[in-house]
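Source file: my_file.cif. Holds: mmCIF, C-alpha atoms.
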data_protein
#
loop_
_atom_site.label_atom_id
_atom_site.label_comp_id
_atom_site.auth_asym_id
_atom_site.auth_seq_id
_atom_site.Cartn_x
_atom_site.Cartn_y
_atom_site.Cartn_z
CA MET G 1039 35.70 26.60 91.91
CA LYS G 1040 39.08 28.27 91.37
CA VAL G 1041 40.10 28.28 87.69
CA ALA G 1042 43.51 29.33 86.35
CA VAL G 1043 43.45 30.64 82.78
CA LEU G 1044 46.91 30.35 81.25
CA GLY G 1045 47.29 33.05 78.60
CA ALA G 1046 45.89 36.60 78.48
CA GLY G 1047 45.39 36.86 74.72
CA VAL G 1048 41.93 37.47 73.33
CA ALA G 1049 41.00 33.76 73.62
CA GLY G 1050 42.18 33.56 77.22
CA MET G 1051 40.44 36.80 78.20
CA ALA G 1052 37.15 35.67 76.69
CA ALA G 1053 37.37 32.37 78.58
CA ALA G 1054 38.22 34.25 81.80
CA TYR G 1055 35.16 36.48 81.34
CA TYR G 1056 32.71 33.63 80.84
CA LEU G 1057 34.22 31.65 83.73
CA TRP G 1058 33.93 34.70 86.00
CA ARG G 1059 30.35 35.23 84.83
CA ASP G 1060 29.61 31.65 85.86
CA GLY G 1061 30.68 32.51 89.41
CA HIS G 1062 34.15 30.93 89.46
CA GLU G 1063 37.18 32.40 91.19
CA VAL G 1064 39.42 33.18 88.22
CA VAL G 1065 43.20 33.71 88.05
CA VAL G 1066 44.91 34.69 84.76
CA VAL G 1067 48.62 34.03 84.12
CA ASP G 1068 50.65 35.51 81.26
CA ARG G 1069 54.36 36.00 80.56
CA ARG G 1070 53.92 39.50 79.15
CA SER G 1071 53.35 42.74 81.08
CA GLY G 1072 49.69 43.00 80.12
CA ALA G 1073 46.85 41.43 78.17
CA ALA G 1074 46.94 40.69 74.43
CA LEU G 1075 50.55 41.70 73.75
CA GLU G 1076 51.43 38.85 71.38
CA THR G 1077 49.25 37.23 68.67
CA SER G 1078 46.18 39.29 69.66
CA PHE G 1079 47.98 42.65 69.56
CA GLY G 1080 48.12 43.58 65.87
CA ASN G 1081 45.87 41.20 63.94
CA ALA G 1082 43.80 42.34 60.97
CA GLY G 1083 40.85 43.42 63.10
CA GLY G 1084 38.28 41.73 60.88
CA LEU G 1085 35.43 39.92 62.62
CA CYS G 1086 34.66 37.78 59.63
CA PRO G 1087 32.62 34.62 60.24
CA SER G 1088 31.85 34.59 56.52
CA PHE G 1089 35.57 34.01 55.82
CA ALA G 1090 36.14 31.40 58.53
CA GLY G 1091 37.66 28.33 56.96
CA PRO G 1092 40.78 26.18 56.88
CA TRP G 1093 44.02 27.10 55.18
CA ALA G 1094 44.12 23.47 54.02
CA ALA G 1095 41.92 23.46 50.91
CA PRO G 1096 41.72 21.74 47.50
CA GLY G 1097 44.32 23.21 45.16
CA MET G 1098 46.06 25.05 47.98
CA ILE G 1099 49.34 23.18 47.59
CA GLY G 1100 49.75 24.42 44.01
CA LYS G 1101 48.50 27.88 44.98
CA VAL G 1102 51.09 28.17 47.74
CA LEU G 1103 53.88 27.16 45.36
CA LYS G 1104 52.65 29.65 42.75
CA MET G 1105 52.34 32.47 45.27
CA ALA G 1106 55.87 31.79 46.48
CA LEU G 1107 57.07 32.86 43.02
CA GLN G 1108 55.43 36.30 43.22
CA ARG G 1109 57.78 39.25 43.65
CA GLU G 1110 56.19 40.09 47.00
CA ALA G 1111 54.97 36.61 47.87
CA PRO G 1112 52.07 36.61 50.36
CA ILE G 1113 53.25 33.17 51.48
CA ARG G 1114 56.80 32.17 52.35
CA PHE G 1115 58.12 28.99 53.87
CA SER G 1116 61.37 27.22 54.48
CA LEU G 1117 61.95 23.50 54.23
CA SER G 1118 64.52 23.37 57.02
CA PRO G 1119 64.63 19.89 58.59
CA ASN G 1120 62.58 20.74 61.66
CA PRO G 1121 60.67 17.57 62.65
CA ARG G 1122 57.71 19.45 64.16
CA LYS G 1123 57.29 21.65 61.09
CA LEU G 1124 57.63 18.77 58.66
CA ALA G 1125 55.09 16.72 60.64
CA TRP G 1126 52.70 19.70 60.58
CA LEU G 1127 53.14 20.10 56.82
CA ALA G 1128 52.45 16.41 56.25
CA ARG G 1129 49.17 16.66 58.18
CA TRP G 1130 48.29 19.88 56.33
CA VAL G 1131 48.84 18.24 52.92
CA GLY G 1132 46.59 15.37 54.04
CA ASN G 1133 43.78 17.86 54.65
CA CYS G 1134 44.03 19.61 51.26
CA ASN G 1135 41.21 17.66 49.65
CA ALA G 1136 37.54 18.39 49.08
CA GLU G 1137 36.17 15.98 51.68
CA ARG G 1138 38.42 17.17 54.52
CA PHE G 1139 38.01 20.82 53.53
CA ARG G 1140 34.21 20.63 53.65
CA ALA G 1141 34.22 18.95 57.06
CA ASN G 1142 36.71 21.41 58.54
CA LYS G 1143 34.99 24.42 56.98
CA LEU G 1144 31.67 23.38 58.52
CA ARG G 1145 33.32 23.03 61.94
CA MET G 1146 34.92 26.47 61.72
CA GLN G 1147 31.73 28.10 60.43
CA ARG G 1148 29.81 26.55 63.33
CA VAL G 1149 32.14 28.17 65.85
CA ALA G 1150 32.62 31.48 64.01
CA HIS G 1151 28.94 32.38 63.70
CA TYR G 1152 28.27 31.30 67.28
CA SER G 1153 31.22 33.42 68.40
CA HIS G 1154 29.97 36.46 66.50
CA ALA G 1155 26.63 36.16 68.29
CA CYS G 1156 28.45 35.89 71.65
CA LEU G 1157 30.57 38.98 70.88
CA LYS G 1158 27.54 41.04 69.81
CA SER G 1159 25.75 40.06 73.01
CA LEU G 1160 28.78 41.03 75.10
CA ALA G 1161 29.16 44.35 73.24
CA ALA G 1162 25.49 45.16 73.89
CA SER G 1163 25.59 44.16 77.56
CA GLY G 1164 26.69 47.53 78.91
CA LEU G 1165 30.15 46.38 80.01
CA PRO G 1166 32.81 49.14 79.82
CA VAL G 1167 34.51 47.45 76.86
CA ASP G 1168 35.12 49.83 73.95
CA PHE G 1169 36.97 48.20 71.06
CA ASP G 1170 36.01 50.25 67.97
CA TYR G 1171 33.41 47.66 67.01
CA HIS G 1172 31.31 48.26 63.91
CA GLU G 1173 29.45 46.11 61.39
CA ASP G 1174 29.96 47.42 57.88
CA GLY G 1175 30.65 44.11 56.16
CA THR G 1176 33.62 42.89 54.15
CA LEU G 1177 34.50 43.51 50.51
CA GLN G 1178 36.48 40.64 49.00
CA VAL G 1179 37.96 42.49 46.02
CA PHE G 1180 39.33 40.88 42.86
CA ARG G 1181 41.80 42.97 40.88
CA GLN G 1182 41.94 40.91 37.69
CA ALA G 1183 39.24 39.36 35.53
CA SER G 1184 41.10 36.05 35.76
CA GLU G 1185 40.49 36.02 39.54
CA LEU G 1186 36.72 36.06 38.99
CA LYS G 1187 36.81 32.34 38.19
CA LEU G 1188 37.16 31.88 41.96
CA VAL G 1189 33.80 33.51 42.63
CA LYS G 1190 31.60 30.55 41.68
CA GLY G 1191 33.33 28.21 44.10
CA ILE G 1192 33.35 30.82 46.88
CA THR G 1193 29.66 31.64 46.51
CA GLN G 1194 28.67 27.96 46.37
CA ALA G 1195 30.40 27.49 49.71
CA LEU G 1196 28.77 30.63 51.13
CA ASP G 1197 25.35 29.36 50.03
CA GLU G 1198 26.02 25.99 51.64
CA TYR G 1199 26.82 27.69 54.93
CA GLU G 1200 23.85 30.11 54.50
CA VAL G 1201 26.09 33.18 54.46
CA PRO G 1202 24.50 36.17 52.62
CA TRP G 1203 26.52 37.79 49.82
CA ARG G 1204 26.26 40.09 46.84
CA PHE G 1205 28.50 40.27 43.79
CA LEU G 1206 29.42 43.82 42.78
CA GLU G 1207 31.05 45.09 39.61
CA GLY G 1208 33.60 47.92 39.51
CA ASP G 1209 31.29 50.94 39.82
CA GLU G 1210 29.08 49.11 42.32
CA VAL G 1211 32.13 48.41 44.49
CA ARG G 1212 32.97 52.11 44.61
CA ALA G 1213 29.35 52.94 45.39
CA GLN G 1214 29.40 50.48 48.27
CA GLU G 1215 32.71 51.91 49.55
CA PRO G 1216 32.97 55.58 48.52
CA ALA G 1217 36.53 55.86 49.88
CA LEU G 1218 37.64 53.79 46.87
CA ALA G 1219 36.87 56.69 44.52
CA ALA G 1220 40.53 57.77 44.52
CA SER G 1221 41.92 54.22 44.40
CA HIS G 1222 44.69 53.38 41.92
CA ALA G 1223 44.01 49.65 42.16
CA PRO G 1224 42.12 47.89 39.36
CA ILE G 1225 38.77 46.40 40.38
CA ALA G 1226 37.31 43.56 38.33
CA GLY G 1227 34.61 42.86 40.91
CA ALA G 1228 33.98 42.10 44.55
CA LEU G 1229 31.92 39.97 46.89
CA TYR G 1230 30.18 41.95 49.62
CA LEU G 1231 29.58 40.04 52.85
CA PRO G 1232 27.23 42.19 54.95
CA ARG G 1233 27.30 40.21 58.21
CA ASP G 1234 30.98 40.81 58.92
CA GLY G 1235 32.44 43.55 61.08
CA SER G 1236 35.68 44.93 62.52
CA GLY G 1237 37.12 45.66 65.93
CA ASP G 1238 40.38 45.96 67.85
CA SER G 1239 41.13 42.71 69.67
CA HIS G 1240 43.88 44.30 71.78
CA LYS G 1241 41.52 47.01 73.04
CA PHE G 1242 38.84 44.38 73.65
CA ALA G 1243 41.18 42.23 75.73
CA THR G 1244 42.69 45.11 77.73
CA CYS G 1245 39.29 46.67 78.50
CA LEU G 1246 37.92 43.28 79.52
CA ALA G 1247 40.99 42.62 81.69
CA ALA G 1248 40.58 45.99 83.44
CA TYR G 1249 36.90 45.30 84.10
CA LEU G 1250 37.57 41.77 85.40
CA ALA G 1251 40.35 43.04 87.69
CA GLN G 1252 37.81 45.43 89.25
CA GLN G 1253 35.51 42.44 89.82
CA GLY G 1254 38.18 40.51 91.69
CA VAL G 1255 39.82 38.44 88.96
CA VAL G 1256 43.54 38.13 89.80
CA PHE G 1257 46.14 38.73 87.06
CA HIS G 1258 49.72 37.47 87.25
CA TYR G 1259 51.63 39.31 84.50
CA GLY G 1260 55.34 38.81 83.81
CA ALA G 1261 54.88 35.20 84.90
CA ARG G 1262 56.68 32.71 82.65
CA ILE G 1263 55.16 29.24 83.01
CA THR G 1264 57.77 26.49 83.01
CA ALA G 1265 55.75 23.34 83.74
CA LEU G 1266 52.40 21.86 84.73
CA PRO G 1267 53.23 19.23 87.38
CA SER G 1268 50.75 16.35 87.51
CA ALA G 1269 49.82 13.40 89.66
CA GLY G 1270 47.74 10.60 88.20
CA ASP G 1271 44.99 12.11 86.09
CA ARG G 1272 45.15 15.62 87.56
CA ILE G 1273 47.26 18.75 87.15
CA GLU G 1274 48.65 19.79 90.53
CA GLY G 1275 49.66 23.35 89.74
CA VAL G 1276 51.50 25.84 87.54
CA ARG G 1277 55.23 26.26 87.96
CA ILE G 1278 56.30 29.85 87.32
CA GLU G 1279 59.89 30.90 86.75
CA GLY G 1280 61.41 32.44 89.87
CA GLN G 1281 58.68 31.21 92.21
CA SER G 1282 59.35 28.33 94.58
CA THR G 1283 55.71 27.38 95.10
CA PRO G 1284 53.39 26.39 92.23
CA LEU G 1285 50.19 28.34 91.66
CA THR G 1286 47.31 25.97 92.35
CA ALA G 1287 43.69 25.86 91.23
CA ASP G 1288 40.85 23.38 90.86
CA ALA G 1289 40.90 23.60 87.06
CA TYR G 1290 43.27 24.92 84.40
CA VAL G 1291 42.43 26.36 80.97
CA LEU G 1292 45.34 26.46 78.51
CA ALA G 1293 45.10 29.39 76.05
CA LEU G 1294 48.75 29.92 75.21
CA GLY G 1295 48.68 30.08 71.41
CA PRO G 1296 51.89 28.86 69.73
CA GLN G 1297 53.49 28.04 73.10
CA ALA G 1298 50.85 25.48 74.13
CA PRO G 1299 52.57 22.38 72.65
CA PHE G 1300 55.74 22.94 74.69
CA LEU G 1301 53.91 22.78 78.02
CA LEU G 1302 51.76 19.83 77.02
CA ARG G 1303 54.39 17.56 75.51
CA PRO G 1304 55.85 16.52 78.92
CA LEU G 1305 52.29 15.55 79.91
CA GLY G 1306 52.00 13.14 76.98
CA ILE G 1307 49.68 15.42 74.99
CA SER G 1308 50.86 16.22 71.47
CA LEU G 1309 49.21 19.20 69.78
CA PRO G 1310 49.98 19.78 66.07
CA ILE G 1311 50.11 23.57 66.43
CA TYR G 1312 52.78 25.46 64.53
CA PRO G 1313 53.27 29.25 64.17
CA MET G 1314 52.38 31.08 60.97
CA LYS G 1315 53.97 34.53 61.04
CA GLY G 1316 51.93 37.50 59.93
CA TYR G 1317 52.47 41.25 59.68
CA SER G 1318 50.38 44.37 60.12
CA ILE G 1319 50.63 48.14 60.01
CA THR G 1320 48.33 50.58 61.80
CA ALA G 1321 48.05 54.15 60.53
CA PRO G 1322 46.05 57.20 61.69
CA ILE G 1323 43.11 58.46 59.64
CA HIS G 1324 43.50 62.09 58.58
CA ASP G 1325 40.29 62.37 56.55
CA PRO G 1326 37.47 60.00 57.66
CA SER G 1327 35.58 60.44 54.38
CA ARG G 1328 38.54 58.99 52.44
CA ALA G 1329 39.13 56.01 54.73
CA PRO G 1330 37.29 52.67 54.43
CA ARG G 1331 34.24 51.69 56.43
CA ALA G 1332 33.93 48.07 55.31
CA ALA G 1333 36.88 45.75 55.74
CA LEU G 1334 38.56 45.19 52.37
CA MET G 1335 40.22 41.90 51.45
CA ASP G 1336 42.66 42.29 48.55
CA GLU G 1337 42.38 38.78 47.15
CA TYR G 1338 45.49 38.95 44.97
CA ASN G 1339 47.82 40.19 47.71
CA LYS G 1340 45.99 38.40 50.54
CA VAL G 1341 45.94 41.63 52.56
CA MET G 1342 43.01 42.75 54.70
CA ILE G 1343 42.47 46.46 55.37
CA SER G 1344 40.07 47.37 58.18
CA ARG G 1345 38.99 50.50 60.01
CA LEU G 1346 39.49 50.60 63.77
CA GLY G 1347 38.02 53.84 65.04
CA ASP G 1348 40.36 56.62 63.97
CA ARG G 1349 42.93 54.19 62.56
CA VAL G 1350 43.34 51.90 59.56
CA ARG G 1351 45.02 48.54 59.86
CA ALA G 1352 46.41 46.44 57.01
CA ALA G 1353 47.48 42.87 57.73
CA GLY G 1354 48.58 39.83 55.81
CA MET G 1355 51.42 37.49 54.89
CA ALA G 1356 51.95 33.90 55.96
CA GLU G 1357 55.46 32.75 56.81
CA LEU G 1358 56.10 29.22 57.99
CA LYS G 1359 59.59 29.83 59.30
CA GLY G 1360 59.56 29.10 63.03
CA TYR G 1361 59.17 31.28 66.11
CA ASP G 1362 60.98 34.47 65.07
CA ALA G 1363 58.61 37.44 65.44
CA ASN G 1364 61.04 40.15 64.26
CA VAL G 1365 59.66 42.70 61.79
CA ASP G 1366 60.94 42.49 58.20
CA PRO G 1367 61.09 46.07 56.78
CA GLY G 1368 60.41 44.74 53.29
CA ARG G 1369 57.10 43.25 54.38
CA VAL G 1370 56.14 46.54 56.06
CA ALA G 1371 56.96 48.49 52.88
CA PHE G 1372 54.78 46.10 50.89
CA LEU G 1373 51.79 46.61 53.22
CA LYS G 1374 52.23 50.38 52.99
CA ASN G 1375 52.20 50.20 49.20
CA VAL G 1376 49.01 48.13 49.21
CA VAL G 1377 47.24 50.68 51.43
CA ARG G 1378 48.48 53.58 49.27
CA GLU G 1379 47.10 51.88 46.18
CA TRP G 1380 43.63 51.37 47.64
CA PHE G 1381 43.36 54.51 49.79
CA PRO G 1382 45.87 57.12 48.57
CA GLN G 1383 44.19 59.96 50.46
CA GLY G 1384 43.04 60.31 54.03
CA VAL G 1385 45.39 57.78 55.69
CA GLY G 1386 48.70 58.83 57.30
CA ILE G 1387 50.57 55.85 55.94
CA GLU G 1388 54.03 57.31 56.70
CA GLU G 1389 53.06 57.36 60.38
CA ALA G 1390 52.14 53.68 60.40
CA GLN G 1391 53.20 51.45 63.31
CA ALA G 1392 54.51 48.04 62.25
CA TRP G 1393 53.96 44.69 63.98
CA ALA G 1394 54.63 41.00 63.43
CA GLY G 1395 53.10 38.08 65.31
CA LEU G 1396 52.73 34.31 65.29
CA ARG G 1397 49.37 32.70 64.52
CA PRO G 1398 48.88 29.30 66.24
CA MET G 1399 47.84 27.15 63.27
CA THR G 1400 46.43 23.64 63.33
CA PRO G 1401 47.01 21.65 60.11
CA ASP G 1402 43.29 21.04 59.56
CA GLY G 1403 42.01 24.48 60.60
CA PRO G 1404 39.68 24.25 63.62
CA ALA G 1405 40.81 25.26 67.09
CA ILE G 1406 41.36 22.61 69.79
CA LEU G 1407 38.85 22.88 72.61
CA GLY G 1408 37.71 21.14 75.75
CA LYS G 1409 38.78 18.20 77.87
CA THR G 1410 42.09 16.34 77.97
CA ARG G 1411 43.22 13.08 79.56
CA TYR G 1412 43.70 15.11 82.76
CA ARG G 1413 40.41 15.64 84.57
CA ASN G 1414 41.09 19.29 85.43
CA LEU G 1415 42.96 20.48 82.32
CA TYR G 1416 41.08 22.08 79.43
CA LEU G 1417 42.21 23.43 76.04
CA ASP G 1418 41.34 26.67 74.25
CA CYS G 1419 44.09 26.95 71.64
CA GLY G 1420 45.05 26.57 67.97
CA HIS G 1421 42.82 29.37 66.64
CA GLY G 1422 45.14 30.16 63.73
CA SER G 1423 44.27 33.30 61.75
CA ASN G 1424 40.66 33.19 63.01
CA GLY G 1425 41.37 33.84 66.69
CA TRP G 1426 39.61 37.20 66.95
CA THR G 1427 36.60 35.92 65.03
CA GLN G 1428 36.32 32.79 67.20
CA ALA G 1429 37.52 33.93 70.64
CA CYS G 1430 34.22 34.71 72.35
CA GLY G 1431 32.64 31.50 71.07
CA THR G 1432 35.50 29.25 72.11
CA GLY G 1433 35.72 31.02 75.48
CA LYS G 1434 32.03 30.38 76.11
CA ILE G 1435 32.32 26.75 74.95
CA VAL G 1436 35.26 26.03 77.26
CA ALA G 1437 33.60 27.82 80.20
CA ASP G 1438 30.51 25.66 79.69
CA ILE G 1439 32.63 22.49 79.72
CA VAL G 1440 34.56 23.52 82.85
CA THR G 1441 31.29 24.38 84.60
CA GLY G 1442 29.75 21.06 83.62
CA ARG G 1443 27.18 22.35 81.12
CA GLU G 1444 26.56 20.99 77.65
CA PRO G 1445 28.02 23.51 75.16
CA GLU G 1446 25.61 25.18 72.77
CA VAL G 1447 27.83 24.12 69.85
CA ASP G 1448 28.45 20.57 68.65
CA LEU G 1449 32.04 19.66 69.58
CA GLU G 1450 32.46 17.11 66.76
CA GLY G 1451 35.89 17.69 65.21
CA LEU G 1452 36.83 20.44 67.68
CA THR G 1453 38.61 18.45 70.40
CA VAL G 1454 42.09 16.98 70.76
CA ASP G 1455 40.60 13.51 70.18
CA ARG G 1456 40.61 14.12 66.42
CA TYR G 1457 44.40 13.70 66.43
CA ALA G 1458 44.40 10.44 68.37
#
Starting from the file, lay out its structure as structure tokens.
Amino acid sequence: MKVAVLGAGVAGMAAAYYLWRDGHEVVVVDRRSGAALETSFGNAGGLCPSFAGPWAAPGMIGKVLKMALQREAPIRFSLSPNPRKLAWLARWVGNCNAERFRANKLRMQRVAHYSHACLKSLAASGLPVDFDYHEDGTLQVFRQASELKLVKGITQALDEYEVPWRFLEGDEVRAQEPALAASHAPIAGALYLPRDGSGDSHKFATCLAAYLAQQGVVFHYGARITALPSAGDRIEGVRIEGQSTPLTADAYVLALGPQAPFLLRPLGISLPIYPMKGYSITAPIHDPSRAPRAALMDEYNKVMISRLGDRVRAAGMAELKGYDANVDPGRVAFLKNVVREWFPQGVGIEEAQAWAGLRPMTPDGPAILGKTRYRNLYLDCGHGSNGWTQACGTGKIVADIVTGREPEVDLEGLTVDRYA
């Protein structure tokens, strides 16, 4: 069967790999000049199934409003009268309760841990895919004693989802991560999550794309998709700007991140996906002994710092302001200051490369996977800030569905039907 994968981000590339492995003829279409040049390019790098969970949580509404008052607010939003944004916010508010949070957290944990197992299997398979992968865990660090009141609720949730953890006090945190010895940041305590890891999603996607191209997978880069013409209950092709003839296939997998709703709306499919802008900086390591091994989550600033080979990446922020991906110098300066505070030696922070991207967020948290009302159109989108953590799992799930196999993960709450 010929399958067209629309989108060459990390989710699309994972789906393309599993479809190719199943013996399908695979074609990948993307508007950029190569793989993983948008949302997947500069994300935090953390492979953190332990953290996987919805942004919509009990108390989050008040927390967002409080954070917005901070001098360097991790979260910013505008209340401009955009109907799509306001509709997304209304759905998000409706999910900020204990019952909905628990259900959505369980769904995301189900996918995240499955995905981590898929990624580890792929990394160990001998494929020529080098993406600076390592498993040194995550330190969720609390700067202030007042923040430690969060620990009980966090660890109760981790226990419920059978995620191992250890609570460390100040000196124990520095013993776990020796590079913190020179840190200027206060440490009241930290949770250590040993199962988590780090890796470069852009390198993963580009290496995988290069390998798949050698195996005969066809890539159409610089191809802007304008429409998915349909007849009855089937998609007939992919219209690409500047091409008179649609690209045709037997099946189509949509993995277009924040752009997915625009292509689906004319087909009568409404996806509540809205972009959440984030920032990152990537700096070279000058002294490996003074750079982190574990990923570090600064809970107060909501900034994750991870090691990617000979580089350090710091990422964070959440801006609900539309589709503008321009880099704000003030946000970059803030990230640099956070890295300096934690790791003042060994990282060439003045040489840091800045990036901003749009996370495709659903209001309830889980991605949207699987079948649609069209018999040959499948979804692999809405991964939010967990795209790198979930990509291999969702790619495998969607490949199973396209191939006609029962997925190894329960799809309850993971399909578009939940919004019906």
Which residues are close to Asp1366 in chain G, i.e. within 9 Å by only C-alpha atoms, leaving aside same-chain residues fewer than 5 positions away? Reply as a CSV table (one decimal) with C-alpha atoms, in the coordinates of the input.
chain,number,residue,atom,x,y,z
G,1317,TYR,CA,52.5,41.2,59.7
G,1371,ALA,CA,57.0,48.5,52.9
G,1394,ALA,CA,54.6,41.0,63.4
- Task: Extract, using only C-alpha atoms, all DNA, RNA and protein residues at most 10 Å from Cys1419 in chain G, discarding same-chain residues fewer than 3 positions from it, and format them as a VMD selection string.
- Result: chain G and resid 1045 1049 to 1050 1291 to 1299 1309 1311 1398 to 1400 1404 to 1408 1416 1422 1425 1429 1432
Residues of the last selection are to be written out with C-alpha atoms, as a short mmCIF file (atom, residue, chain, number, x, y, z; two decimals), keeping the file's coordinate frame.
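Ended up saving to again-v8.cif:
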data_model
loop_
_atom_site.label_atom_id
_atom_site.label_comp_id
_atom_site.auth_asym_id
_atom_site.auth_seq_id
_atom_site.Cartn_x
_atom_site.Cartn_y
_atom_site.Cartn_z
CA GLY G 1045 47.29 33.05 78.60
CA ALA G 1049 41.00 33.76 73.62
CA GLY G 1050 42.18 33.56 77.22
CA VAL G 1291 42.43 26.36 80.97
CA LEU G 1292 45.34 26.46 78.51
CA ALA G 1293 45.10 29.39 76.05
CA LEU G 1294 48.75 29.92 75.21
CA GLY G 1295 48.68 30.08 71.41
CA PRO G 1296 51.89 28.86 69.73
CA GLN G 1297 53.49 28.04 73.10
CA ALA G 1298 50.85 25.48 74.13
CA PRO G 1299 52.57 22.38 72.65
CA LEU G 1309 49.21 19.20 69.78
CA ILE G 1311 50.11 23.57 66.43
CA PRO G 1398 48.88 29.30 66.24
CA MET G 1399 47.84 27.15 63.27
CA THR G 1400 46.43 23.64 63.33
CA PRO G 1404 39.68 24.25 63.62
CA ALA G 1405 40.81 25.26 67.09
CA ILE G 1406 41.36 22.61 69.79
CA LEU G 1407 38.85 22.88 72.61
CA GLY G 1408 37.71 21.14 75.75
CA TYR G 1416 41.08 22.08 79.43
CA GLY G 1422 45.14 30.16 63.73
CA GLY G 1425 41.37 33.84 66.69
CA ALA G 1429 37.52 33.93 70.64
CA THR G 1432 35.50 29.25 72.11
#
- Item | Chain and number of each residue from the PyMOL selection byres ((chain G and resi 1155) around 12), as a PyMOL selection string | chain G and resi 1085-1087+1148-1154+1156-1162+1233-1235+1427-1432+1434+1446
Using all atoms listed in the file, what does the table of range 1350-1456 of chain G residues within 7 Å of range 1058-1079 of chain G look like, with each row giving the shortest atom pair and its distance in Å to one decimal, sorted by chain and ascending number, as a tab-separated table?
residue	atom	partner	partner_atom	distance
G:Gly1395	CA	G:Thr1077	CA	5.2
G:Leu1396	CA	G:Thr1077	CA	5.7
G:Arg1397	CA	G:Thr1077	CA	6.1
Expected file contents, prior selection, C-alpha atoms, as a PDB file, in the coordinates of the input:
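Everything below was put into selection-v6.pdb:
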ATOM      1  CA  GLY G1395      53.100  38.080  65.310  1.00  0.00           C
ATOM      2  CA  LEU G1396      52.730  34.310  65.290  1.00  0.00           C
ATOM      3  CA  ARG G1397      49.370  32.700  64.520  1.00  0.00           C
TER       4      ARG G1397
END
Step by step, gather every atom of range 1383-1394 of chain G that the file lists, find the box along x, y and z that holds them, add 8 Å on each side, and finally give centre and edge lengths in Å to one decimal, as lines of an AutoDock Vina configuration file.
center_x = 48.8
center_y = 50.7
center_z = 57.2
size_x = 27.6
size_y = 35.3
size_z = 29.5
- Message: Which residues would end up in the selection if the PyMOL selection byres ((chain G and resi 1365) around 8) were applied here, given that I need the answer as a list in words?
- Response: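 That selection, the PyMOL selection byres ((chain G and resi 1365) around 8), comes back as Tyr1317, Ala1363, Asn1364, Asp1366, Pro1367, Arg1369, Val1370, Ala1392, Trp1393 and Ala1394 of chain G.
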- Select, from G:Phe1372, G:Trp1426, G:Tyr1290, G:Tyr1361, the residue with the minimum atom-to-atom distance to Ser1268 in chain G, counting all atoms listed in the file.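 Once distances to Ser1268 in chain G are computed over all atoms listed in the file, the minimum belongs to G:Tyr1290.
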- Task: Could you list the residues chosen by the PyMOL selection byres ((chain G and resi 1347-1354) around 6) in this structure as a list in words?
- Result: Ala1082, Asp1170, Gly1316, Tyr1317, Ser1318, Ile1319, Thr1320, Ala1321, Pro1322, Ile1323, Val1341, Met1342, Ile1343, Ser1344, Arg1345, Leu1346 and Met1355 of chain G
